[in-house]
>>> print(open('target00.txt').read())   # compact mmCIF, C-alpha atoms and all ligand atoms
# COMPACT_ATOMS: atom_id res chain seq x y z
CA MET A 1 121.02 127.18 93.10
CA SER A 2 122.69 130.21 94.66
CA ASP A 3 125.89 128.14 94.85
CA ASP A 4 125.83 127.86 91.04
CA LEU A 5 125.77 131.66 90.88
CA LEU A 6 128.59 131.82 93.41
CA ARG A 7 130.73 129.53 91.25
CA ARG A 8 129.86 131.62 88.17
CA LEU A 9 130.79 134.93 89.71
CA LYS A 10 134.07 133.54 91.00
CA VAL A 11 135.19 132.53 87.50
CA HIS A 12 133.50 135.43 85.74
CA GLY A 13 135.65 138.33 86.86
CA SER A 14 136.71 140.30 89.86
CA VAL A 15 134.36 140.58 92.80
CA PRO A 16 133.74 144.09 94.22
CA ALA A 17 136.11 144.84 97.10
CA HIS A 18 133.42 146.97 98.76
CA ILE A 19 129.63 146.76 98.44
CA ALA A 20 127.32 149.41 99.93
CA ILE A 21 123.58 148.82 100.35
CA ILE A 22 120.60 151.13 100.90
CA MET A 23 118.20 148.68 102.55
CA ASP A 24 114.87 150.19 101.52
CA GLY A 25 111.29 148.98 101.51
CA ASN A 26 110.78 147.52 104.99
CA GLY A 27 107.72 149.73 105.57
CA ARG A 28 106.12 148.78 102.25
CA TRP A 29 106.85 145.10 102.91
CA ALA A 30 104.97 145.35 106.22
CA LYS A 31 102.15 147.41 104.74
CA GLY A 32 101.64 144.81 102.00
CA ARG A 33 100.98 142.27 104.76
CA ALA A 34 98.84 144.61 106.90
CA LEU A 35 101.56 144.49 109.59
CA PRO A 36 102.96 147.38 111.65
CA ARG A 37 106.07 148.99 110.11
CA PRO A 38 108.45 147.74 112.87
CA LEU A 39 107.71 144.17 111.78
CA GLY A 40 109.06 145.10 108.35
CA HIS A 41 112.32 146.21 109.98
CA HIS A 42 112.39 142.97 111.96
CA ALA A 43 112.00 140.98 108.74
CA GLY A 44 114.84 143.07 107.29
CA MET A 45 117.26 141.53 109.78
CA ARG A 46 117.03 138.19 107.97
CA ALA A 47 118.17 139.91 104.76
CA VAL A 48 121.08 141.47 106.68
CA ARG A 49 122.19 137.95 107.68
CA GLU A 50 121.84 136.80 104.07
CA VAL A 51 124.04 139.53 102.61
CA ILE A 52 126.71 139.11 105.29
CA GLN A 53 126.91 135.40 104.49
CA GLY A 54 126.90 136.17 100.76
CA CYS A 55 129.82 138.60 101.14
CA LEU A 56 131.77 136.04 103.16
CA ASP A 57 131.12 133.37 100.51
CA ALA A 58 132.00 135.65 97.59
CA GLU A 59 135.03 137.06 99.43
CA VAL A 60 133.88 140.68 99.31
CA GLY A 61 136.12 142.52 101.77
CA VAL A 62 133.86 145.36 102.93
CA LEU A 63 130.07 145.62 103.29
CA THR A 64 128.52 148.97 104.29
CA LEU A 65 124.83 148.98 105.23
CA PHE A 66 122.66 152.09 105.62
CA ALA A 67 120.62 151.14 108.69
CA PHE A 68 119.44 154.50 110.07
CA SER A 69 119.92 158.01 108.69
CA GLN A 70 120.05 161.27 110.61
CA GLU A 71 116.81 162.14 108.79
CA ASN A 72 115.24 158.98 110.28
CA TRP A 73 115.28 160.71 113.72
CA GLN A 74 112.21 162.57 112.39
CA ARG A 75 110.14 159.36 112.18
CA PRO A 76 107.46 158.69 114.83
CA ALA A 77 108.97 157.88 118.25
CA VAL A 78 107.43 154.42 118.25
CA GLU A 79 109.28 153.51 115.05
CA ILE A 80 112.58 155.00 116.28
CA ASP A 81 112.25 153.02 119.52
CA ALA A 82 111.54 149.85 117.57
CA LEU A 83 114.60 150.39 115.34
CA MET A 84 116.88 151.06 118.32
CA SER A 85 115.55 147.96 120.15
CA LEU A 86 116.14 145.98 116.98
CA LEU A 87 119.72 147.21 116.85
CA GLU A 88 120.30 146.08 120.43
CA GLU A 89 118.59 142.74 119.72
CA TYR A 90 120.65 142.25 116.56
CA ILE A 91 123.89 142.89 118.42
CA ALA A 92 122.97 140.62 121.36
CA ARG A 93 121.96 137.80 119.00
CA GLU A 94 124.66 138.06 116.33
CA LEU A 95 127.79 139.06 118.21
CA ASP A 96 129.17 135.53 118.77
CA ASN A 97 128.26 134.44 115.26
CA LEU A 98 129.94 137.48 113.68
CA ARG A 99 133.05 137.01 115.80
CA SER A 100 133.28 133.32 114.92
CA LYS A 101 133.02 134.22 111.22
CA ARG A 102 135.83 136.77 111.65
CA VAL A 103 133.64 139.77 110.79
CA THR A 104 134.79 143.14 112.18
CA VAL A 105 131.90 145.50 112.84
CA CYS A 106 132.23 149.28 112.76
CA VAL A 107 129.32 151.61 113.37
CA LEU A 108 129.56 154.90 111.46
CA GLY A 109 127.56 158.04 112.24
CA ASP A 110 126.71 160.54 114.94
CA LEU A 111 126.72 158.01 117.78
CA GLY A 112 126.31 160.77 120.39
CA ARG A 113 122.59 160.81 119.55
CA LEU A 114 122.04 157.17 120.46
CA ALA A 115 120.25 156.25 123.71
CA PRO A 116 122.62 154.80 126.35
CA GLY A 117 121.52 151.16 125.79
CA ALA A 118 122.03 151.34 122.02
CA ARG A 119 125.35 153.16 122.50
CA GLN A 120 126.63 150.47 124.87
CA ALA A 121 125.60 147.72 122.43
CA VAL A 122 127.38 149.51 119.57
CA ASP A 123 130.57 150.04 121.61
CA ARG A 124 130.49 146.39 122.65
CA ILE A 125 130.17 144.96 119.14
CA MET A 126 132.96 147.20 117.85
CA ALA A 127 135.29 146.20 120.70
CA ASP A 128 134.41 142.50 120.64
CA THR A 129 134.74 142.01 116.88
CA ALA A 130 137.88 144.11 116.39
CA GLY A 131 140.57 142.39 114.33
CA GLY A 132 138.26 140.04 112.38
CA SER A 133 139.95 139.41 109.06
CA ASP A 134 137.31 138.01 106.69
CA LEU A 135 134.82 140.88 106.33
CA ALA A 136 134.60 144.50 107.47
CA LEU A 137 130.92 145.19 108.17
CA ASN A 138 130.06 148.88 108.50
CA LEU A 139 126.66 149.76 109.92
CA CYS A 140 125.72 153.38 109.19
CA ILE A 141 123.53 154.54 112.06
CA SER A 142 122.48 158.14 112.70
CA TYR A 143 124.46 158.74 109.53
CA SER A 144 124.33 161.66 107.08
CA SER A 145 126.87 161.96 104.30
CA ARG A 146 126.67 165.77 104.21
CA ALA A 147 127.28 165.87 107.98
CA GLU A 148 130.24 163.50 107.51
CA ILE A 149 131.76 165.80 104.86
CA ALA A 150 131.11 168.90 107.01
CA ARG A 151 132.83 167.12 109.94
CA ALA A 152 135.87 166.43 107.72
CA ALA A 153 135.94 170.11 106.67
CA ARG A 154 135.79 171.16 110.33
CA GLN A 155 138.72 168.88 111.18
CA LEU A 156 140.75 170.30 108.28
CA ALA A 157 140.05 173.84 109.50
CA GLU A 158 141.05 172.89 113.06
CA ASP A 159 144.27 171.29 111.80
CA ALA A 160 145.06 174.41 109.73
CA VAL A 161 144.36 176.79 112.63
CA ALA A 162 146.57 174.67 114.90
CA GLY A 163 149.38 174.78 112.32
CA ARG A 164 149.31 171.01 111.66
CA LEU A 165 148.46 171.58 108.00
CA VAL A 166 148.77 174.37 105.42
CA PRO A 167 145.72 174.98 103.19
CA ALA A 168 147.73 174.12 100.06
CA GLU A 169 148.06 170.57 101.41
CA ILE A 170 144.29 170.05 101.36
CA ASP A 171 143.61 167.63 98.56
CA GLU A 172 141.17 164.74 97.98
CA ASP A 173 143.24 162.36 100.11
CA ALA A 174 143.26 164.85 102.99
CA VAL A 175 139.45 164.94 102.90
CA ALA A 176 139.07 161.15 102.48
CA ARG A 177 141.36 160.53 105.48
CA ARG A 178 138.91 162.47 107.67
CA LEU A 179 135.77 160.58 106.61
CA TYR A 180 134.40 157.72 108.73
CA THR A 181 135.28 155.41 105.85
CA ALA A 182 139.01 156.33 105.80
CA PRO A 183 140.22 152.76 106.46
CA TRP A 184 138.45 151.21 103.47
CA PRO A 185 138.47 151.56 99.67
CA ASP A 186 135.50 153.36 98.10
CA PRO A 187 132.48 151.17 97.29
CA ASP A 188 132.61 149.54 93.85
CA LEU A 189 128.92 148.67 93.86
CA LEU A 190 125.89 150.38 95.42
CA ILE A 191 122.74 148.28 95.73
CA ARG A 192 119.40 149.92 96.50
CA THR A 193 116.25 147.89 97.03
CA SER A 194 112.59 148.93 96.56
CA GLY A 195 113.12 150.59 93.19
CA GLU A 196 113.84 154.14 94.38
CA GLN A 197 116.51 155.78 92.21
CA ARG A 198 118.11 158.05 94.82
CA ILE A 199 121.30 158.16 96.88
CA SER A 200 119.52 159.68 99.92
CA ASN A 201 122.52 161.37 101.57
CA PHE A 202 124.54 158.11 101.67
CA LEU A 203 128.32 158.08 101.02
CA LEU A 204 128.12 161.02 98.56
CA TRP A 205 131.90 161.40 98.38
CA GLN A 206 132.73 157.70 98.41
CA LEU A 207 130.25 156.65 95.68
CA ALA A 208 131.88 158.86 93.01
CA TYR A 209 132.66 155.88 90.75
CA ALA A 210 130.43 153.15 92.18
CA GLU A 211 128.26 151.11 89.85
CA LEU A 212 124.60 151.55 90.78
CA TYR A 213 122.26 148.56 90.98
CA VAL A 214 118.61 149.25 91.75
CA THR A 215 116.20 146.36 92.22
CA PRO A 216 112.42 146.65 92.72
CA MET A 217 112.63 143.98 95.42
CA LEU A 218 111.77 145.09 98.96
CA TRP A 219 114.61 144.69 101.46
CA PRO A 220 113.10 141.89 103.60
CA ASP A 221 112.83 139.73 100.44
CA PHE A 222 116.47 140.24 99.39
CA THR A 223 118.56 137.05 99.61
CA ARG A 224 122.14 135.82 99.22
CA ARG A 225 121.18 134.76 95.69
CA ASP A 226 120.03 138.32 94.88
CA LEU A 227 123.38 139.61 96.11
CA PHE A 228 125.14 137.21 93.74
CA GLU A 229 122.88 138.41 90.86
CA ALA A 230 123.92 141.99 91.63
CA ILE A 231 127.62 141.03 91.64
CA LEU A 232 127.22 139.22 88.29
CA GLU A 233 125.58 142.35 86.84
CA PHE A 234 128.47 144.42 88.25
CA GLN A 235 130.92 142.11 86.46
CA ARG A 236 129.16 142.82 83.14
CA ARG A 237 129.64 146.58 83.51
CA GLU A 238 132.53 148.44 81.92
CA ARG A 239 134.11 150.79 84.45
CA ARG A 240 135.96 153.63 82.82
CA PHE A 241 136.56 156.06 85.71
CA GLY A 242 136.19 158.96 83.26
CA ARG A 243 138.70 157.50 80.79
CA VAL A 244 138.03 155.96 77.36
CA SER A 245 137.80 152.19 76.98
CA VAL A 246 140.85 150.34 75.67
C1 LIG B 301 114.26 151.64 105.13
O1 LIG B 301 112.96 151.14 104.92
C2 LIG B 301 114.91 150.89 106.20
C3 LIG B 301 115.27 151.42 107.42
C4 LIG B 301 115.06 152.84 107.76
C5 LIG B 301 115.86 150.57 108.48
C6 LIG B 301 116.78 149.48 108.06
C7 LIG B 301 116.89 148.49 109.15
C8 LIG B 301 116.99 147.15 108.97
C9 LIG B 301 117.13 146.50 107.68
C10 LIG B 301 116.91 146.20 110.13
C11 LIG B 301 117.93 146.36 111.18
C12 LIG B 301 119.31 146.17 110.73
C13 LIG B 301 120.33 146.09 111.58
C14 LIG B 301 121.70 145.97 111.07
C15 LIG B 301 120.12 146.13 113.03
P1 LIG B 301 111.73 152.14 105.05
O2 LIG B 301 111.23 152.07 106.45
O3 LIG B 301 112.11 153.51 104.60
O4 LIG B 301 110.72 151.46 104.07
P2 LIG B 301 109.60 152.20 103.19
O5 LIG B 301 110.33 153.13 102.24
O6 LIG B 301 108.94 151.06 102.48
O7 LIG B 301 108.69 152.91 104.13
>>> encode(input="target00.txt", output="structure tokens", more="lines below")
Ligand code: FPP
Amino acid sequence: MSDDLLRRLKVHGSVPAHIAIIMDGNGRWAKGRALPRPLGHHAGMRAVREVIQGCLDAEVGVLTLFAFSQENWQRPAVEIDALMSLLEEYIARELDNLRSKRVTVCVLGDLGRLAPGARQAVDRIMADTAGGSDLALNLCISYSSRAEIARAARQLAEDAVAGRLVPAEIDEDAVARRLYTAPWPDPDLLIRTSGEQRISNFLLWQLAYAELYVTPMLWPDFTRRDLFEAILEFQRRERRFGRVSV
């Protein structure tokens, strides 16, 4: 069934080069089953596998997942610990599989705040998957878009003070080159699960012209087929980038 959709989207139009996803609703998924919240996050890992496979099948070049925000550090310690353990478990379990599928993993965010075990796991997956050519998978962890933009501004100021740059040279490209996402094109499509219609401090600069797709589905229920439905909807949109249609 999902392969029918895959065939349709391949003939239908161009596939987004970059998809970004706010994976929301793990807590509500767990609550609906009278389970502790961490089990919702655990169930969310299956959906992560589904969308990675879907992007490989549809030949999407870049997938950026919002896994843990800087604001999430304010959650109860037990939930933070569970999420960090899950990250380590995910990396230990998926590393070989991702490498064999030629997926390059980058972790974007303030990694200095990670506990040593999580930091080592993150460094390992980035080193061991480097050079994979079929999909760039970005995991945003301890990530805040405003902090990312402030960091870029700080780097511009440092470059100006050091004489490497004159202020008149500061343009949009100069800012974009100093964001974590500098190597990749901006997302074409943002998917958010669980029905919330917010951007939540995610890729504020990069999403300027992304098409937004909000589904009421909770993240652990999201499948490869749902990804293909979102891409088909994207293909029906008219993107004008502020211009008039021709
Ligand atoms: C938001 O749901 C989800 C998160 C804060 C964590 C996302 C993590 C995963 C999907 C699993 C781990 C993934 C990797 C790549 C290791 P929420 O807790 O805010 O849900 P709620 O709004 O229903 O409470």
>>> residues_near_ligand(input="target00.txt", ligand="ligand LIG 301 (chain B)", cutoff="6 Å", atoms="only C-alpha atoms and all ligand atoms", output="list in words")
Met23, Asp24, Gly25, Asn26, Gly27, Arg28, His41, His42, Gly44, Met45, Ala67, Phe68, Leu86, Leu87 and Tyr90 of chain A
>>> closest_residue(input="target00.txt", among="A:Leu5, A:Phe202, A:Tyr143, A:Ile91", to="Met126 in chain A", atoms="all atoms listed in the file")
A:Ile91
>>> residues_around(input="target00.txt", residues="range 11-19 of chain A", least_positions_apart="4", cutoff="8 Å", atoms="only C-alpha atoms", output="ChimeraX atom specification")
/A:7,58-64,185-191,231-232,234-235
>>> residues_near_point(input="target00.txt", point="(125.7, 138.1, 91.3)", cutoff="7 Å", atoms="all atoms listed in the file", output="ChimeraX atom specification")
/A:5,9,226-233
>>> closest_residue(input="target00.txt", among="A:Gln197, A:Gln206, A:Ser145, A:Gln155", to="Ser69 in chain A", atoms="all atoms listed in the file")
A:Ser145
>>> atom_distance(input="target00.txt", atom1="CA of Leu111 in chain A", atom2="CA of Ala157 in chain A")
22.3 Å
>>> closest_residue(input="target00.txt", among="A:Leu179, A:Ala30, A:Leu114, A:Ala153", to="Pro167 in chain A", atoms="all atoms listed in the file")
A:Ala153
>>> axis_aligned_box(input="target00.txt", around="range 4-23 of chain A", padding_each_side="6 Å", output="AutoDock Vina command-line options")
--center_x 127.5 --center_y 139.5 --center_z 94.1 --size_x 30.5 --size_y 35.3 --size_z 28.8
>>> atom_distance(input="target00.txt", atom1="CA of Leu56 in chain A", atom2="CA of Lys101 in chain A")
8.4 Å
>>> residues_around(input="target00.txt", residues="Ile125 in chain A", least_positions_apart="2", cutoff="7 Å", atoms="all atoms listed in the file", output="PyMOL selection string")
chain A and resi 91+95+105+121-123+127-129
>>> atom_distance(input="target00.txt", atom1="CA of Arg239 in chain A", atom2="CA of Asp4 in chain A")
25.3 Å
>>> residues_around(input="target00.txt", residues="Phe222 in chain A", least_positions_apart="4", cutoff="9 Å", atoms="only C-alpha atoms", output="list of chain:residue names")
A:Gly44, A:Arg46, A:Ala47, A:Val48, A:Glu50, A:Val51, A:Thr193, A:Met217, A:Leu218, A:Asp226, A:Leu227
>>> write_last_selection(input="target00.txt", atoms="C-alpha atoms", output="PDB file, in the coordinates of the input")
ATOM      1  CA  GLY A  44     114.840 143.070 107.290  1.00  0.00           C
ATOM      2  CA  ARG A  46     117.030 138.190 107.970  1.00  0.00           C
ATOM      3  CA  ALA A  47     118.170 139.910 104.760  1.00  0.00           C
ATOM      4  CA  VAL A  48     121.080 141.470 106.680  1.00  0.00           C
ATOM      5  CA  GLU A  50     121.840 136.800 104.070  1.00  0.00           C
ATOM      6  CA  VAL A  51     124.040 139.530 102.610  1.00  0.00           C
ATOM      7  CA  THR A 193     116.250 147.890  97.030  1.00  0.00           C
ATOM      8  CA  MET A 217     112.630 143.980  95.420  1.00  0.00           C
ATOM      9  CA  LEU A 218     111.770 145.090  98.960  1.00  0.00           C
ATOM     10  CA  ASP A 226     120.030 138.320  94.880  1.00  0.00           C
ATOM     11  CA  LEU A 227     123.380 139.610  96.110  1.00  0.00           C
TER      12      LEU A 227
END
>>> closest_residue(input="target00.txt", among="A:Lys10, A:Arg177, A:Arg192, A:Arg224", to="Arg49 in chain A", atoms="all atoms listed in the file")
A:Arg224
>>> closest_residue(input="target00.txt", among="A:Ile21, A:Ala162, A:Ala168, A:Leu6", to="Ser200 in chain A", atoms="all atoms listed in the file")
A:Ile21
>>> closest_residue(input="target00.txt", among="A:Leu156, A:Cys55, A:Leu108, A:Leu83", to="Asp171 in chain A", atoms="only C-alpha atoms")
A:Leu156
>>> decode(input="target00.txt", residues="range 188-203 of chain A", atoms="N, CA, C and O atoms", output="mmCIF file, in the first residue's frame")
data_model
loop_
_atom_site.group_PDB
_atom_site.id
_atom_site.type_symbol
_atom_site.label_atom_id
_atom_site.label_comp_id
_atom_site.auth_asym_id
_atom_site.auth_seq_id
_atom_site.Cartn_x
_atom_site.Cartn_y
_atom_site.Cartn_z
ATOM 1 N N ASP A 188 12.234 22.218 2.725
ATOM 2 C CA ASP A 188 11.116 22.537 1.833
ATOM 3 C C ASP A 188 9.799 22.250 2.533
ATOM 4 O O ASP A 188 8.777 22.832 2.220
ATOM 5 N N LEU A 189 9.832 21.302 3.465
ATOM 6 C CA LEU A 189 8.603 20.825 4.099
ATOM 7 C C LEU A 189 8.867 20.641 5.592
ATOM 8 O O LEU A 189 9.861 20.012 5.969
ATOM 9 N N LEU A 190 7.986 21.228 6.413
ATOM 10 C CA LEU A 190 8.023 20.996 7.868
ATOM 11 C C LEU A 190 6.784 20.183 8.244
ATOM 12 O O LEU A 190 5.663 20.589 7.956
ATOM 13 N N ILE A 191 7.018 19.046 8.885
ATOM 14 C CA ILE A 191 5.915 18.219 9.379
ATOM 15 C C ILE A 191 5.872 18.361 10.895
ATOM 16 O O ILE A 191 6.915 18.294 11.557
ATOM 17 N N ARG A 192 4.680 18.586 11.447
ATOM 18 C CA ARG A 192 4.538 18.549 12.903
ATOM 19 C C ARG A 192 3.386 17.604 13.248
ATOM 20 O O ARG A 192 2.283 17.740 12.714
ATOM 21 N N THR A 193 3.646 16.676 14.131
ATOM 22 C CA THR A 193 2.603 15.752 14.562
ATOM 23 C C THR A 193 1.922 16.297 15.808
ATOM 24 O O THR A 193 2.398 17.242 16.436
ATOM 25 N N SER A 194 0.806 15.704 16.162
ATOM 26 C CA SER A 194 0.009 15.942 17.375
ATOM 27 C C SER A 194 -0.869 17.181 17.285
ATOM 28 O O SER A 194 -1.465 17.570 18.286
ATOM 29 N N GLY A 195 -0.954 17.775 16.109
ATOM 30 C CA GLY A 195 -1.939 18.828 15.874
ATOM 31 C C GLY A 195 -1.570 20.229 16.344
ATOM 32 O O GLY A 195 -2.299 21.175 16.064
ATOM 33 N N GLU A 196 -0.459 20.376 17.063
ATOM 34 C CA GLU A 196 -0.109 21.718 17.553
ATOM 35 C C GLU A 196 0.379 22.571 16.372
ATOM 36 O O GLU A 196 1.215 22.124 15.595
ATOM 37 N N GLN A 197 -0.123 23.813 16.299
ATOM 38 C CA GLN A 197 0.233 24.669 15.164
ATOM 39 C C GLN A 197 1.250 25.707 15.612
ATOM 40 O O GLN A 197 0.946 26.890 15.691
ATOM 41 N N ARG A 198 2.449 25.231 15.952
ATOM 42 C CA ARG A 198 3.528 26.106 16.434
ATOM 43 C C ARG A 198 4.844 25.664 15.824
ATOM 44 O O ARG A 198 4.994 24.499 15.453
ATOM 45 N N ILE A 199 5.824 26.580 15.831
ATOM 46 C CA ILE A 199 7.166 26.223 15.330
ATOM 47 C C ILE A 199 8.099 25.901 16.496
ATOM 48 O O ILE A 199 9.107 25.216 16.322
ATOM 49 N N SER A 200 7.768 26.378 17.707
ATOM 50 C CA SER A 200 8.475 25.978 18.929
ATOM 51 C C SER A 200 9.994 26.145 18.871
ATOM 52 O O SER A 200 10.738 25.227 19.255
ATOM 53 N N ASN A 201 10.452 27.295 18.377
ATOM 54 C CA ASN A 201 11.895 27.607 18.417
ATOM 55 C C ASN A 201 12.721 26.598 17.613
ATOM 56 O O ASN A 201 13.828 26.224 18.017
ATOM 57 N N PHE A 202 12.172 26.158 16.469
ATOM 58 C CA PHE A 202 12.846 25.175 15.607
ATOM 59 C C PHE A 202 13.153 25.826 14.263
ATOM 60 O O PHE A 202 12.243 26.300 13.574
ATOM 61 N N LEU A 203 14.390 25.920 13.878
ATOM 62 C CA LEU A 203 14.820 26.343 12.536
ATOM 63 C C LEU A 203 14.109 27.616 12.054
ATOM 64 O O LEU A 203 13.622 27.681 10.924
#
